[in-house]
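Participant: Please find work-v7.cif (mmCIF, C-alpha atoms) on the next line:
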```
data_coords
#
loop_
_atom_site.label_atom_id
_atom_site.label_comp_id
_atom_site.auth_asym_id
_atom_site.auth_seq_id
_atom_site.Cartn_x
_atom_site.Cartn_y
_atom_site.Cartn_z
CA MET A 9 14.13 8.94 -20.32
CA VAL A 10 10.41 8.28 -20.58
CA SER A 11 8.60 10.57 -22.98
CA ILE A 12 5.37 12.13 -21.74
CA PRO A 13 2.54 11.83 -24.26
CA SER A 14 0.38 14.85 -24.90
CA ALA A 15 -3.27 14.94 -23.96
CA SER A 16 -4.29 14.55 -27.60
CA GLN A 17 -2.04 11.50 -27.98
CA PHE A 18 -3.61 9.98 -24.88
CA ASP A 19 -7.11 10.66 -26.17
CA THR A 20 -6.30 9.03 -29.52
CA ALA A 21 -4.78 5.94 -27.89
CA GLN A 22 -7.66 5.68 -25.46
CA SER A 23 -10.23 5.80 -28.26
CA ARG A 24 -8.37 3.28 -30.36
CA VAL A 25 -8.37 0.54 -27.72
CA GLY A 26 -11.69 1.56 -26.18
CA LEU A 27 -10.47 2.04 -22.61
CA ALA A 28 -12.68 3.64 -19.98
CA THR A 29 -10.53 5.73 -17.67
CA ALA A 30 -11.51 7.04 -14.24
CA VAL A 31 -9.61 9.53 -12.11
CA VAL A 32 -10.36 8.86 -8.44
CA LEU A 33 -9.39 11.50 -5.89
CA PRO A 34 -9.73 10.88 -2.14
CA CYS A 35 -10.28 14.19 -0.34
CA TYR A 36 -10.54 15.48 3.18
CA ASN A 37 -10.74 19.26 3.59
CA GLU A 38 -9.13 20.11 0.25
CA ALA A 39 -11.38 23.01 -0.81
CA ALA A 40 -8.32 25.20 -1.41
CA THR A 41 -6.89 22.89 -4.08
CA ILE A 42 -9.51 20.50 -5.44
CA ALA A 43 -10.86 22.75 -8.23
CA HIS A 44 -7.37 23.12 -9.70
CA VAL A 45 -6.69 19.38 -9.34
CA VAL A 46 -9.93 18.44 -11.12
CA ALA A 47 -9.27 20.90 -13.94
CA SER A 48 -5.66 19.69 -14.32
CA PHE A 49 -6.68 16.05 -14.67
CA ALA A 50 -9.49 16.98 -17.07
CA ASP A 51 -6.89 18.68 -19.29
CA ALA A 52 -4.32 15.89 -18.95
CA LEU A 53 -6.73 13.00 -19.57
CA PRO A 54 -9.48 14.08 -21.98
CA GLY A 55 -12.42 11.72 -21.86
CA ALA A 56 -11.63 10.43 -18.38
CA VAL A 57 -14.39 10.59 -15.77
CA ILE A 58 -13.23 12.37 -12.62
CA TYR A 59 -14.54 11.26 -9.24
CA VAL A 60 -13.94 13.06 -5.96
CA PHE A 61 -14.54 10.95 -2.85
CA ASP A 62 -15.25 13.33 0.00
CA ASN A 63 -14.33 11.80 3.35
CA ASN A 64 -16.37 13.89 5.84
CA SER A 65 -14.80 17.21 4.89
CA SER A 66 -15.80 20.09 7.14
CA ASP A 67 -15.08 22.69 4.44
CA ASP A 68 -16.53 23.21 0.94
CA THR A 69 -14.56 20.42 -0.75
CA ALA A 70 -17.64 18.64 -2.12
CA ARG A 71 -19.30 21.82 -3.43
CA VAL A 72 -16.11 23.11 -5.05
CA ALA A 73 -15.43 19.73 -6.66
CA GLU A 74 -18.94 19.56 -8.10
CA GLY A 75 -18.54 23.08 -9.44
CA ALA A 76 -15.31 22.04 -11.15
CA GLY A 77 -17.12 19.21 -12.97
CA ALA A 78 -16.26 16.18 -10.84
CA ILE A 79 -18.66 13.47 -9.72
CA VAL A 80 -18.69 13.64 -5.92
CA ILE A 81 -19.29 10.54 -3.78
CA ARG A 82 -19.29 10.82 -0.01
CA GLU A 83 -17.70 8.22 2.26
CA GLU A 84 -18.65 8.74 5.91
CA ARG A 85 -16.23 6.27 7.50
CA GLN A 86 -13.10 8.24 8.24
CA GLY A 87 -9.82 7.06 6.73
CA LYS A 88 -8.23 6.73 3.32
CA GLY A 89 -8.53 2.95 3.39
CA HIS A 90 -12.32 3.22 3.60
CA VAL A 91 -12.26 5.68 0.70
CA VAL A 92 -10.16 3.43 -1.53
CA ARG A 93 -12.40 0.45 -0.76
CA ARG A 94 -15.42 2.56 -1.78
CA MET A 95 -13.65 3.78 -4.92
CA PHE A 96 -12.95 0.34 -6.27
CA ALA A 97 -16.47 -0.83 -5.39
CA GLU A 98 -18.37 2.12 -6.88
CA VAL A 99 -16.38 2.93 -10.01
CA ASP A 100 -16.26 0.62 -13.01
CA ALA A 101 -13.48 1.39 -15.49
CA ASP A 102 -10.62 -0.22 -17.38
CA ILE A 103 -8.00 2.15 -15.93
CA TYR A 104 -8.03 3.84 -12.52
CA VAL A 105 -5.83 6.88 -11.90
CA MET A 106 -5.54 7.63 -8.18
CA ALA A 107 -4.01 10.82 -6.84
CA ASP A 108 -4.50 13.11 -3.85
CA GLY A 109 -6.68 16.19 -3.87
CA ASP A 110 -4.00 18.45 -2.38
CA GLY A 111 -2.30 19.30 -5.67
CA THR A 112 1.09 17.79 -4.78
CA TYR A 113 0.96 15.27 -7.65
CA ALA A 114 1.36 16.65 -11.18
CA ALA A 115 -1.62 15.80 -13.37
CA ALA A 116 0.61 16.34 -16.41
CA ASP A 117 2.41 13.08 -15.52
CA ALA A 118 -0.81 11.03 -15.66
CA PRO A 119 -0.67 10.28 -19.43
CA MET A 120 2.84 8.91 -18.96
CA LEU A 121 1.68 6.55 -16.20
CA VAL A 122 -1.37 5.42 -18.18
CA LYS A 123 0.74 4.90 -21.30
CA ALA A 124 3.12 2.65 -19.35
CA LEU A 125 0.22 0.63 -17.91
CA VAL A 126 -1.37 0.07 -21.34
CA GLU A 127 1.71 -0.49 -23.51
CA ARG A 128 3.48 -2.75 -21.00
CA ARG A 129 0.22 -4.44 -19.94
CA LEU A 130 0.81 -3.86 -16.24
CA ASP A 131 -1.55 -4.09 -13.29
CA MET A 132 -0.15 -1.15 -11.33
CA VAL A 133 2.14 1.78 -12.04
CA VAL A 134 3.42 3.80 -9.07
CA GLY A 135 4.43 7.41 -9.55
CA THR A 136 7.43 7.67 -7.25
CA ARG A 137 7.92 11.14 -5.80
CA ARG A 138 10.94 12.92 -7.24
CA GLY A 139 11.07 15.86 -4.83
CA VAL A 140 9.83 14.39 -1.55
CA ARG A 141 13.29 14.38 0.07
CA GLN A 142 14.10 17.94 -1.02
CA ASP A 143 11.03 19.47 0.62
CA ALA A 144 12.29 20.97 3.87
CA GLY A 145 8.78 20.99 5.28
CA ARG A 146 8.75 17.21 5.12
CA SER A 147 12.22 16.45 6.48
CA GLY A 148 10.83 14.26 9.27
CA HIS A 149 8.50 12.49 6.88
CA ALA A 150 11.37 11.96 4.42
CA ILE A 151 13.42 10.16 7.09
CA GLY A 152 10.38 8.04 7.94
CA ASN A 153 9.88 7.25 4.25
CA ARG A 154 13.42 5.93 3.89
CA LEU A 155 13.14 3.91 7.09
CA PHE A 156 9.78 2.33 6.25
CA ASN A 157 10.75 1.64 2.65
CA GLY A 158 13.84 -0.18 3.90
CA VAL A 159 11.77 -2.24 6.34
CA PHE A 160 9.27 -3.04 3.58
CA GLN A 161 11.99 -4.24 1.20
CA TRP A 162 13.46 -6.45 3.93
CA MET A 163 10.07 -7.97 4.72
CA PHE A 164 8.41 -8.23 1.33
CA GLY A 165 11.03 -7.77 -1.40
CA ASP A 166 12.40 -4.89 -3.43
CA ASP A 167 9.59 -4.43 -5.97
CA PHE A 168 8.87 -0.92 -4.65
CA SER A 169 11.03 2.00 -3.55
CA ASP A 170 8.25 4.44 -2.59
CA ILE A 171 5.45 2.49 -0.91
CA PHE A 172 3.72 5.63 0.39
CA SER A 173 3.16 7.29 -2.96
CA GLY A 174 -0.51 8.05 -3.48
CA TYR A 175 -0.08 8.56 -7.23
CA ARG A 176 -0.96 5.20 -8.78
CA VAL A 177 -2.58 3.81 -11.91
CA PHE A 178 -4.37 0.45 -11.75
CA SER A 179 -5.84 -2.01 -14.16
CA ARG A 180 -9.45 -3.06 -13.66
CA ARG A 181 -8.47 -6.53 -12.48
CA PHE A 182 -6.24 -5.07 -9.76
CA ALA A 183 -9.01 -2.76 -8.54
CA LYS A 184 -11.64 -5.48 -8.49
CA THR A 185 -9.49 -8.08 -6.71
CA PHE A 186 -7.72 -5.88 -4.15
CA PRO A 187 -9.08 -6.79 -0.67
CA ALA A 188 -8.49 -3.34 0.90
CA VAL A 189 -8.70 -4.20 4.60
CA SER A 190 -6.75 -1.17 5.86
CA ARG A 191 -8.53 1.88 7.22
CA GLY A 192 -6.08 4.76 6.91
CA PHE A 193 -2.91 5.94 5.20
CA GLU A 194 -1.46 2.45 5.41
CA ILE A 195 -3.62 1.47 2.41
CA GLU A 196 -0.73 2.15 -0.02
CA THR A 197 1.39 -0.36 1.90
CA GLU A 198 -1.34 -2.96 1.54
CA MET A 199 -1.51 -2.29 -2.21
CA SER A 200 2.22 -2.88 -2.56
CA VAL A 201 2.11 -6.10 -0.51
CA HIS A 202 -0.86 -7.37 -2.54
CA ALA A 203 1.03 -6.80 -5.80
CA SER A 204 4.20 -8.41 -4.45
CA GLN A 205 2.37 -11.43 -3.03
CA LEU A 206 0.59 -12.19 -6.32
CA MET A 207 3.71 -11.28 -8.35
CA LEU A 208 1.68 -8.89 -10.50
CA PRO A 209 3.38 -6.96 -13.30
CA VAL A 210 4.11 -3.50 -11.87
CA ALA A 211 6.39 -0.57 -12.57
CA GLU A 212 7.65 2.58 -10.89
CA ILE A 213 8.08 5.87 -12.77
CA GLU A 214 9.44 9.07 -11.27
CA THR A 215 6.98 11.96 -11.18
CA ASP A 216 7.10 15.51 -9.93
CA TYR A 217 6.03 16.09 -6.36
CA GLY A 218 5.14 19.60 -5.28
CA VAL A 219 4.67 21.55 -2.09
CA ARG A 220 1.21 22.01 -0.67
CA PRO A 221 -0.14 25.46 -1.49
CA GLU A 222 -0.95 27.90 1.27
CA GLY A 223 -4.18 26.97 3.01
CA SER A 224 -3.77 23.23 2.45
CA VAL A 225 -2.73 21.26 5.54
CA SER A 226 -1.26 17.75 5.68
CA LYS A 227 -3.46 15.17 7.40
CA LEU A 228 -0.52 12.95 8.39
CA ARG A 229 0.35 12.58 12.07
CA THR A 230 3.97 11.43 12.22
CA PHE A 231 3.97 9.20 15.30
CA ARG A 232 0.37 8.00 15.21
CA ASP A 233 0.40 7.08 11.53
CA GLY A 234 3.96 5.78 11.72
CA PHE A 235 3.01 3.37 14.50
CA ARG A 236 -0.10 2.33 12.59
CA ILE A 237 1.90 1.64 9.42
CA LEU A 238 4.49 -0.37 11.36
CA SER A 239 1.68 -2.41 12.92
CA VAL A 240 0.28 -3.09 9.46
CA PHE A 241 3.74 -4.22 8.31
CA PHE A 242 3.78 -6.95 10.95
CA LEU A 243 0.13 -7.86 10.41
CA LEU A 244 0.68 -8.28 6.66
CA LEU A 245 3.90 -10.18 7.31
CA LYS A 246 1.98 -12.60 9.54
CA GLU A 247 -0.73 -13.00 6.92
CA THR A 248 1.44 -13.30 3.81
CA ARG A 249 4.69 -14.83 5.12
CA PRO A 250 3.74 -16.79 8.26
CA ALA A 251 6.74 -19.12 8.04
CA PHE A 252 9.07 -16.10 8.16
CA PHE A 253 7.06 -14.38 10.92
CA PHE A 254 6.63 -17.38 13.24
CA GLY A 255 10.05 -18.76 12.30
CA GLY A 256 11.65 -15.53 13.44
CA LEU A 257 9.68 -15.65 16.68
CA ALA A 258 10.72 -19.30 17.17
CA ALA A 259 14.38 -18.41 16.59
CA LEU A 260 14.19 -15.57 19.14
CA LEU A 261 12.55 -17.80 21.76
CA THR A 262 15.13 -20.52 21.10
CA LEU A 263 18.00 -18.10 21.73
CA VAL A 264 16.41 -16.88 24.99
CA SER A 265 15.79 -20.49 26.06
CA LEU A 266 19.40 -21.41 25.38
CA ALA A 267 20.64 -18.36 27.26
CA PHE A 268 18.72 -19.48 30.34
CA GLY A 269 19.18 -23.21 29.91
CA LEU A 270 22.80 -23.74 28.89
CA PRO A 271 24.26 -22.59 32.25
CA VAL A 272 21.84 -24.93 34.04
CA VAL A 273 22.87 -27.86 31.81
CA ALA A 274 26.55 -27.05 32.27
CA GLU A 275 26.11 -26.97 36.05
CA TYR A 276 24.22 -30.26 35.97
CA LEU A 277 26.97 -31.95 33.92
CA GLU A 278 29.57 -30.65 36.36
CA THR A 279 27.84 -31.35 39.68
CA GLY A 280 24.89 -33.60 38.89
CA LEU A 281 22.59 -31.08 40.58
CA VAL A 282 20.00 -28.59 39.33
CA PRO A 283 19.95 -25.88 42.00
CA ARG A 284 18.19 -23.33 39.74
CA PHE A 285 15.10 -25.39 39.11
CA PRO A 286 12.77 -22.44 38.20
CA THR A 287 15.28 -21.34 35.55
CA ALA A 288 15.34 -24.84 34.09
CA ILE A 289 11.55 -24.89 33.92
CA LEU A 290 11.50 -21.46 32.22
CA ALA A 291 14.10 -22.55 29.65
CA ALA A 292 12.17 -25.74 28.87
CA ALA A 293 8.89 -23.84 28.55
CA LEU A 294 10.44 -21.30 26.17
CA MET A 295 11.85 -24.10 24.02
CA ILE A 296 8.43 -25.76 23.85
CA ILE A 297 6.80 -22.47 22.84
CA ALA A 298 9.50 -21.98 20.19
CA ALA A 299 8.75 -25.43 18.74
CA MET A 300 5.02 -24.66 18.72
CA SER A 301 5.66 -21.33 16.99
CA ALA A 302 7.74 -23.04 14.31
CA MET A 303 4.98 -25.61 13.72
CA CYS A 304 2.35 -22.86 13.50
CA GLY A 305 4.49 -21.11 10.90
CA LEU A 306 4.74 -24.26 8.77
CA ILE A 307 1.01 -24.97 8.95
CA LEU A 308 -0.05 -21.38 8.28
CA ASP A 309 2.43 -21.16 5.41
CA SER A 310 0.49 -23.91 3.62
CA VAL A 311 -2.76 -22.03 4.29
CA SER A 312 -1.22 -18.80 3.00
CA ARG A 313 -0.06 -20.49 -0.19
CA SER A 314 -3.58 -21.82 -0.76
CA ARG A 315 -4.98 -18.31 -0.30
CA VAL A 316 -2.52 -16.92 -2.83
CA GLU A 317 -3.57 -19.59 -5.31
CA LEU A 318 -7.23 -18.68 -4.81
CA LYS A 319 -6.51 -14.96 -5.17
CA ARG A 320 -4.57 -15.65 -8.34
CA MET A 321 -7.37 -17.78 -9.81
CA PHE A 322 -9.94 -15.07 -9.00
CA LEU A 323 -7.66 -12.45 -10.55
CA LEU A 324 -7.60 -14.41 -13.80
CA THR A 325 -11.40 -14.37 -13.96
CA GLN A 326 -11.40 -10.55 -14.22
CA ARG A 327 -11.27 -8.68 -17.49
CA GLY A 328 -7.78 -7.47 -18.29
CA LEU A 329 -6.67 -4.69 -20.61
CA PRO A 330 -7.82 -5.29 -24.19
CA THR A 331 -5.17 -5.99 -26.79
CA PRO A 332 -4.27 -2.78 -28.64
#
```
Step by step, read the file and then write its structure as structure tokens.
Facilitator:
Amino acid sequence: MVSIPSASQFDTAQSRVGLATAVVLPCYNEAATIAHVVASFADALPGAVIYVFDNNSSDDTARVAEGAGAIVIREERQGKGHVVRRMFAEVDADIYVMADGDGTYAAADAPMLVKALVERRLDMVVGTRRGVRQDAGRSGHAIGNRLFNGVFQWMFGDDFSDIFSGYRVFSRRFAKTFPAVSRGFEIETEMSVHASQLMLPVAEIETDYGVRPEGSVSKLRTFRDGFRILSVFFLLLKETRPAFFFGGLAALLTLVSLAFGLPVVAEYLETGLVPRFPTAILAAALMIIAAMSAMCGLILDSVSRSRVELKRMFLLTQRGLPTP
């Protein structure tokens, strides 16, 4: 069992190693909860600077957050991906604690996540959600979580078991080298793929996950966001594992070509005739496309490896956590 350090213990450790800590909270219409969230993180992480990134809220989120003592920065482009990109560009710190403004993530768990990042010298710690599957109000989302996590592990490896958790702690070098090309809720998936691709030191720690209080409404749209996340899966697979992506496409095309072509070949060997000439042309064309797809995969795999090397070299130029 991981022990949770007290706020005073966190403050002492933070002062000893001279770490600047920032709490970054993306928000969209969270006026009902943001004051409590800001106050909770201020108590849990003394000395941390708390930023609220207001993403075109139509309620009083920004005013309430400012009243609670947070620094409010407005991001006009709609979508969590745009907010995260702005966060990492605007805020300069050694440690970044990211959570949602809806109060579902327990601020009391933040010292534990920060402690793991510092003591184990990690680049990202993910607070996996302990109660997400027990919340009856999220039964559909829970099924989607299990499905998408399984697909992610098949595509990119088993480094993560909760890729949609928004409760994460990052090192400075992760924040300053993360490309952040996603626009919406799929940004957490991109973070996980980035860490897996560069083989960064990461960890998962279970944290409490609560129910939204009355007056706070989820921004997720099951089918729209699910389709968008699945699309990002395949886009990132193409970008990071092109040999696997195009190799799979080549294998599929080869099977279809053989299904069409083998009967034609068998008939030709038996009779010396090719009566289904259009089918033979289709089978040959599919086999040619399959070969081209396989070659594209091999070439792009070399390009992808070069990109990983460049990302890794740039990562090493960034300041890491100081030695305690």
Participant: Extract, using only C-alpha atoms, all DNA, RNA and protein residues at most 7 Å from Ala258 (chain A), discarding same-chain residues fewer than 3 positions from it, and format them as a list in words.
Facilitator: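 Residues meeting the cut-off are Phe254, Gly255, Leu261, Thr262, Ala298, Ala299, Ser301 and Ala302 of chain A.
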Participant: Select, from A:Val177, A:Leu244, A:Leu270, A:Met95, the residue with the minimum atom-to-atom distance to Thr29 (chain A), counting all atoms listed in the file.
Facilitator: A:Val177
Participant: What does the distance from CA of Val159 (chain A) to CA of Val133 (chain A) come to in Å, to one decimal?
Facilitator: 21.1 Å
Participant: Can you pull out every residue within 12 Å of Thr197 (chain A), counting all atoms listed in the file, but drop anything in the same chain fewer than 5 positions away, and send it as an NGL selection string?
Facilitator: :A and (89 or 134 or 153 or 156-157 or 159-161 or 163-164 or 168-174 or 188-192 or 202-204 or 234 or 236-245)
Participant: Could you please take those selected residues and save C-alpha atoms as a CSV table (one decimal), in the frame of the given file?
Facilitator:
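again.csv written:
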```csv
chain,number,residue,atom,x,y,z
A,89,GLY,CA,-8.5,3.0,3.4
A,134,VAL,CA,3.4,3.8,-9.1
A,153,ASN,CA,9.9,7.2,4.2
A,156,PHE,CA,9.8,2.3,6.2
A,157,ASN,CA,10.8,1.6,2.6
A,159,VAL,CA,11.8,-2.2,6.3
A,160,PHE,CA,9.3,-3.0,3.6
A,161,GLN,CA,12.0,-4.2,1.2
A,163,MET,CA,10.1,-8.0,4.7
A,164,PHE,CA,8.4,-8.2,1.3
A,168,PHE,CA,8.9,-0.9,-4.6
A,169,SER,CA,11.0,2.0,-3.6
A,170,ASP,CA,8.2,4.4,-2.6
A,171,ILE,CA,5.4,2.5,-0.9
A,172,PHE,CA,3.7,5.6,0.4
A,173,SER,CA,3.2,7.3,-3.0
A,174,GLY,CA,-0.5,8.0,-3.5
A,188,ALA,CA,-8.5,-3.3,0.9
A,189,VAL,CA,-8.7,-4.2,4.6
A,190,SER,CA,-6.8,-1.2,5.9
A,191,ARG,CA,-8.5,1.9,7.2
A,192,GLY,CA,-6.1,4.8,6.9
A,202,HIS,CA,-0.9,-7.4,-2.5
A,203,ALA,CA,1.0,-6.8,-5.8
A,204,SER,CA,4.2,-8.4,-4.4
A,234,GLY,CA,4.0,5.8,11.7
A,236,ARG,CA,-0.1,2.3,12.6
A,237,ILE,CA,1.9,1.6,9.4
A,238,LEU,CA,4.5,-0.4,11.4
A,239,SER,CA,1.7,-2.4,12.9
A,240,VAL,CA,0.3,-3.1,9.5
A,241,PHE,CA,3.7,-4.2,8.3
A,242,PHE,CA,3.8,-7.0,11.0
A,243,LEU,CA,0.1,-7.9,10.4
A,244,LEU,CA,0.7,-8.3,6.7
A,245,LEU,CA,3.9,-10.2,7.3
```
Participant: Give me, as an NGL selection string, all polymer residues having an atom no more than 12 Å from Glu84 (chain A), counting only C-alpha atoms and skipping those fewer than 5 positions away in the same chain.
Facilitator: :A and (35-36 or 61-66 or 89-91 or 94)
Participant: With distances taken over all atoms listed in the file, which of A:Phe253, A:Val282, A:Ala114, A:Leu294 is nearest to Ala267 (chain A)?
Facilitator: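 Smallest distance to Ala267 (chain A) is found for A:Leu294.
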Participant: Check which residues satisfy the PyMOL selection byres ((chain A and resi 30) around 7) in the file shown, then give them as a list in words.
Facilitator: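 Listing what the PyMOL selection byres ((chain A and resi 30) around 7) selects in the shown file: Ala28, Thr29, Val31, Val32, Ala56, Val57, Ile58, Ala101, Ile103, Tyr104 and Val105 of chain A.
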Participant: Provide the CA of Val45 (chain A) to CA of Gly109 (chain A) distance in Å, to one decimal place.
Facilitator: 6.3 Å
Participant: Restricting the calculation to only C-alpha atoms, which member of A:Glu278, A:Ala107, A:Asp102, A:Ile289 is positioned closest to Ser265 (chain A)?
Facilitator: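 Nearest to Ser265 (chain A): A:Ile289.
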Participant: Could you state the separation of CA of Val99 (chain A) and CA of Leu323 (chain A) in Å, given to one decimal place?
Facilitator: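 CA of Leu323 (chain A) lies 17.7 Å from CA of Val99 (chain A).
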Participant: Of the candidates A:Ile297, A:Ala70, A:Leu329, A:Ile195, which shows the shortest atom-to-atom distance to Val122 (chain A), using only C-alpha atoms?
Facilitator: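 Closest to Val122 (chain A) of all the choices is A:Leu329.
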Participant: For Gly135 (chain A), list every protein, DNA or RNA residue within 9 Å, evaluated using only C-alpha atoms, and leave out those in the same chain fewer than 6 positions away; present the list as number ranges by chain.
Facilitator: A: 113, 117-118, 121, 170, 173-177, 211-216
Participant: Given only C-alpha atoms as the basis, pick out the residue of A:Pro187, A:Phe96, A:Leu208, A:Phe252 nearest to Trp162 (chain A).
Facilitator: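 Smallest distance to Trp162 (chain A) is found for A:Phe252.
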Participant: Given the file shown, determine the residues that the PyMOL selection byres ((chain A and resi 76-79) around 6) selects; report them as a list of chain:residue names.
Facilitator: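 When the PyMOL selection byres ((chain A and resi 76-79) around 6) is applied to the shown file, the picked residues are A:Ala43, A:Ile58, A:Tyr59, A:Ala73, A:Glu74, A:Gly75, A:Val80.
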Participant: Find the residues around region 307-320 of chain A up to 9 Å (only C-alpha atoms counted), leave out those fewer than 4 positions away in its own chain, and share them as a list in words.
Facilitator: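 Once the nearby chain positions are removed, what remains is Thr185, Gln205, Leu206, Glu247, Thr248, Arg249, Pro250, Ala251, Phe252, Ala302, Met303, Leu324 and Thr325 of chain A.
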